[in-house]
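*Asks:* Before we start, here is the structure in question, set down as structure tokens.
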Amino acid sequence: MTDPDFAVAFIKALGRKITVIAWSLGVLAAIKAATSAPELVEELFLISGTARMTADADYTGASGRDIKAMAARLEKHREAVIKGFVKNCFNPGHEGEPEFLLSAGGFSVLDLAAGLEYLEKTDVRNLLSGVKAPTVIMHGLKDKIIPFSQAEHMHRHINGSVLKSFDAGHNLPYILDHEAINPIGGI
């Protein structure tokens, strides 16, 4: 079962409307869930995410070649690859990265490589217009992992969505306080 399939199954198992909050890679699964079970998604908060990680002719994103190279480096340099990723997540002044990011949750090299392959190949842009839940897209203007232009793309294609920018990087969930989110809630 893929992450989006798991998210959809989980939401359906709950059997009631919920608010879905997703960060980074989780945004791909949240979009899939919101379009697969729209009757169960009350509202959607997409934080530092994308509908497609890699670039193509008319879409700004990461190089698929760079993602493959990162996956290849994992075998011999797992720690260095993870530290490089974490460094890109956190902008100066917010270096207090959570320890779980440095350890990558104890995931094996195969798990991490599979995650990178998922990022390289997954494209849910065609689902964006099918998102019916009120949606807030929050993204850091200094995000080095997922460019702000990808948040703008989602905003243009999710009808009625709200785009909220922050002077931050990919670490947005770790620096936001409830005051930053309160004006957004109740969309």
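A note on labels: chains of the structure tokens are A, B, ... as shown, every chain counts residues from 1, and ligands are counted from 1 in their shown order.
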Got a sec: who's within 10 Å of Leu163 in chain A, counting only C-alpha atoms, leaving out chain neighbours fewer than 6 positions off, as a PDB file with all heavy atoms, in the first residue's frame?
*Replies:*
ATOM      1  N   LEU A  46      -1.944  22.562   3.619  1.00  0.00           N
ATOM      2  CA  LEU A  46      -0.789  22.031   2.902  1.00  0.00           C
ATOM      3  C   LEU A  46       0.421  22.900   3.233  1.00  0.00           C
ATOM      4  O   LEU A  46       0.456  24.076   2.860  1.00  0.00           O
ATOM      5  CB  LEU A  46      -1.065  22.019   1.399  1.00  0.00           C
ATOM      6  CG  LEU A  46      -2.361  21.322   0.971  1.00  0.00           C
ATOM      7  CD1 LEU A  46      -2.557  21.431  -0.537  1.00  0.00           C
ATOM      8  CD2 LEU A  46      -2.373  19.867   1.427  1.00  0.00           C
ATOM      9  N   THR A 135      -9.034  25.014   1.351  1.00  0.00           N
ATOM     10  CA  THR A 135      -7.610  24.685   1.428  1.00  0.00           C
ATOM     11  C   THR A 135      -6.766  25.907   1.723  1.00  0.00           C
ATOM     12  O   THR A 135      -6.922  26.952   1.097  1.00  0.00           O
ATOM     13  CB  THR A 135      -7.141  24.063   0.091  1.00  0.00           C
ATOM     14  OG1 THR A 135      -7.930  22.902  -0.180  1.00  0.00           O
ATOM     15  CG2 THR A 135      -5.675  23.684   0.125  1.00  0.00           C
ATOM     16  N   VAL A 136      -5.843  25.749   2.681  1.00  0.00           N
ATOM     17  CA  VAL A 136      -4.826  26.752   2.977  1.00  0.00           C
ATOM     18  C   VAL A 136      -3.480  26.159   2.601  1.00  0.00           C
ATOM     19  O   VAL A 136      -3.143  25.048   3.010  1.00  0.00           O
ATOM     20  CB  VAL A 136      -4.823  27.147   4.467  1.00  0.00           C
ATOM     21  CG1 VAL A 136      -3.660  28.089   4.767  1.00  0.00           C
ATOM     22  CG2 VAL A 136      -6.141  27.795   4.847  1.00  0.00           C
ATOM     23  N   ILE A 137      -2.734  26.905   1.814  1.00  0.00           N
ATOM     24  CA  ILE A 137      -1.393  26.501   1.408  1.00  0.00           C
ATOM     25  C   ILE A 137      -0.428  27.444   2.111  1.00  0.00           C
ATOM     26  O   ILE A 137      -0.507  28.658   1.929  1.00  0.00           O
ATOM     27  CB  ILE A 137      -1.230  26.596  -0.122  1.00  0.00           C
ATOM     28  CG1 ILE A 137      -2.258  25.712  -0.822  1.00  0.00           C
ATOM     29  CG2 ILE A 137       0.195  26.246  -0.536  1.00  0.00           C
ATOM     30  CD1 ILE A 137      -2.458  26.021  -2.295  1.00  0.00           C
ATOM     31  N   MET A 138       0.460  26.896   2.932  1.00  0.00           N
ATOM     32  CA  MET A 138       1.448  27.697   3.656  1.00  0.00           C
ATOM     33  C   MET A 138       2.838  27.281   3.175  1.00  0.00           C
ATOM     34  O   MET A 138       3.138  26.085   3.106  1.00  0.00           O
ATOM     35  CB  MET A 138       1.309  27.466   5.163  1.00  0.00           C
ATOM     36  CG  MET A 138      -0.024  27.915   5.703  1.00  0.00           C
ATOM     37  SD  MET A 138      -0.175  27.715   7.485  1.00  0.00           S
ATOM     38  CE  MET A 138      -0.544  25.967   7.596  1.00  0.00           C
ATOM     39  N   HIS A 139       3.654  28.282   2.855  1.00  0.00           N
ATOM     40  CA  HIS A 139       4.962  27.956   2.281  1.00  0.00           C
ATOM     41  C   HIS A 139       5.972  29.039   2.644  1.00  0.00           C
ATOM     42  O   HIS A 139       5.647  30.222   2.654  1.00  0.00           O
ATOM     43  CB  HIS A 139       4.842  27.844   0.761  1.00  0.00           C
ATOM     44  CG  HIS A 139       5.823  26.911   0.151  1.00  0.00           C
ATOM     45  ND1 HIS A 139       5.533  25.597  -0.114  1.00  0.00           N
ATOM     46  CD2 HIS A 139       7.113  27.084  -0.219  1.00  0.00           C
ATOM     47  CE1 HIS A 139       6.584  25.008  -0.659  1.00  0.00           C
ATOM     48  NE2 HIS A 139       7.565  25.895  -0.718  1.00  0.00           N
ATOM     49  N   ALA A 151       4.142  26.172  -4.569  1.00  0.00           N
ATOM     50  CA  ALA A 151       2.969  26.541  -3.763  1.00  0.00           C
ATOM     51  C   ALA A 151       2.038  27.421  -4.591  1.00  0.00           C
ATOM     52  O   ALA A 151       0.814  27.262  -4.550  1.00  0.00           O
ATOM     53  CB  ALA A 151       3.401  27.267  -2.493  1.00  0.00           C
ATOM     54  N   GLU A 152       2.623  28.341  -5.352  1.00  0.00           N
ATOM     55  CA  GLU A 152       1.813  29.209  -6.222  1.00  0.00           C
ATOM     56  C   GLU A 152       1.068  28.379  -7.258  1.00  0.00           C
ATOM     57  O   GLU A 152      -0.093  28.664  -7.571  1.00  0.00           O
ATOM     58  CB  GLU A 152       2.706  30.250  -6.900  1.00  0.00           C
ATOM     59  CG  GLU A 152       3.283  31.263  -5.926  1.00  0.00           C
ATOM     60  CD  GLU A 152       4.297  32.180  -6.577  1.00  0.00           C
ATOM     61  OE1 GLU A 152       5.178  31.695  -7.340  1.00  0.00           O
ATOM     62  OE2 GLU A 152       4.219  33.398  -6.319  1.00  0.00           O
ATOM     63  N   MET A 154       0.025  25.247  -6.930  1.00  0.00           N
ATOM     64  CA  MET A 154      -1.111  24.592  -6.269  1.00  0.00           C
ATOM     65  C   MET A 154      -2.233  25.603  -6.034  1.00  0.00           C
ATOM     66  O   MET A 154      -3.408  25.297  -6.267  1.00  0.00           O
ATOM     67  CB  MET A 154      -0.678  23.952  -4.938  1.00  0.00           C
ATOM     68  CG  MET A 154       0.190  22.725  -5.115  1.00  0.00           C
ATOM     69  SD  MET A 154       0.469  21.792  -3.581  1.00  0.00           S
ATOM     70  CE  MET A 154       1.268  22.994  -2.536  1.00  0.00           C
ATOM     71  N   HIS A 155      -1.868  26.796  -5.603  1.00  0.00           N
ATOM     72  CA  HIS A 155      -2.866  27.841  -5.334  1.00  0.00           C
ATOM     73  C   HIS A 155      -3.674  28.185  -6.589  1.00  0.00           C
ATOM     74  O   HIS A 155      -4.890  28.345  -6.533  1.00  0.00           O
ATOM     75  CB  HIS A 155      -2.164  29.077  -4.778  1.00  0.00           C
ATOM     76  CG  HIS A 155      -3.050  30.245  -4.547  1.00  0.00           C
ATOM     77  ND1 HIS A 155      -4.183  30.195  -3.756  1.00  0.00           N
ATOM     78  CD2 HIS A 155      -2.978  31.515  -5.014  1.00  0.00           C
ATOM     79  CE1 HIS A 155      -4.752  31.384  -3.736  1.00  0.00           C
ATOM     80  NE2 HIS A 155      -4.043  32.195  -4.501  1.00  0.00           N
ATOM     81  N   ARG A 156      -2.990  28.275  -7.715  1.00  0.00           N
ATOM     82  CA  ARG A 156      -3.683  28.592  -8.975  1.00  0.00           C
ATOM     83  C   ARG A 156      -4.648  27.486  -9.396  1.00  0.00           C
ATOM     84  O   ARG A 156      -5.637  27.750 -10.078  1.00  0.00           O
ATOM     85  CB  ARG A 156      -2.675  28.824 -10.106  1.00  0.00           C
ATOM     86  CG  ARG A 156      -2.011  30.170 -10.093  1.00  0.00           C
ATOM     87  CD  ARG A 156      -1.250  30.463 -11.382  1.00  0.00           C
ATOM     88  NE  ARG A 156      -0.306  29.423 -11.760  1.00  0.00           N
ATOM     89  CZ  ARG A 156       0.956  29.340 -11.328  1.00  0.00           C
ATOM     90  NH1 ARG A 156       1.421  30.231 -10.475  1.00  0.00           N
ATOM     91  NH2 ARG A 156       1.736  28.373 -11.747  1.00  0.00           N
ATOM     92  N   ILE A 184      -5.656  32.019   9.916  1.00  0.00           N
ATOM     93  CA  ILE A 184      -5.882  31.211   8.727  1.00  0.00           C
ATOM     94  C   ILE A 184      -7.036  30.239   8.965  1.00  0.00           C
ATOM     95  O   ILE A 184      -7.775  29.904   8.071  1.00  0.00           O
ATOM     96  CB  ILE A 184      -4.611  30.447   8.356  1.00  0.00           C
ATOM     97  CG1 ILE A 184      -3.491  31.436   8.087  1.00  0.00           C
ATOM     98  CG2 ILE A 184      -4.837  29.557   7.147  1.00  0.00           C
ATOM     99  CD1 ILE A 184      -2.134  30.804   7.930  1.00  0.00           C
TER     100      ILE A 184
END
*Asks:* Within range 1-124 of chain A, find each residue whose DSSP state, derived from the backbone, is helix (DSSP H, G or I), and express the selection as a PyMOL selection string.
*Replies:* chain A and resi 3-14+26-36+38-40+64-89+99-106+109-121
*Asks:* Rounded to one decimal place, report the CA of Gly130 in chain A-CA of Arg16 in chain A distance in Å.
*Replies:*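 One can read the CA of Gly130 in chain A to CA of Arg16 in chain A distance as 19.8 Å.
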*Asks:* When DSSP is applied to the backbone of this structure, which of range 13-141 of chain A are assigned strand (DSSP E)? Write them out as a VMD selection string.
*Replies:* chain A and resid 18 to 23 41 to 47 135 to 140
*Asks:* Go through A:Tyr118, A:Phe148, A:Phe85, A:Phe166 one by one, measure the shortest atom-to-atom distance of each to Leu25 in chain A using only C-alpha atoms, and give the residue with the smallest value.
*Replies:*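 Between A:Tyr118, A:Phe148, A:Phe85, A:Phe166, the residue approaching Leu25 in chain A most closely is A:Tyr118.
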*Asks:* Mind pulling up the distance from CA of Ala55 in chain A to CA of Val131 in chain A?
*Replies:*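 One can read the CA of Val131 in chain A to CA of Ala55 in chain A distance as 22.3 Å.
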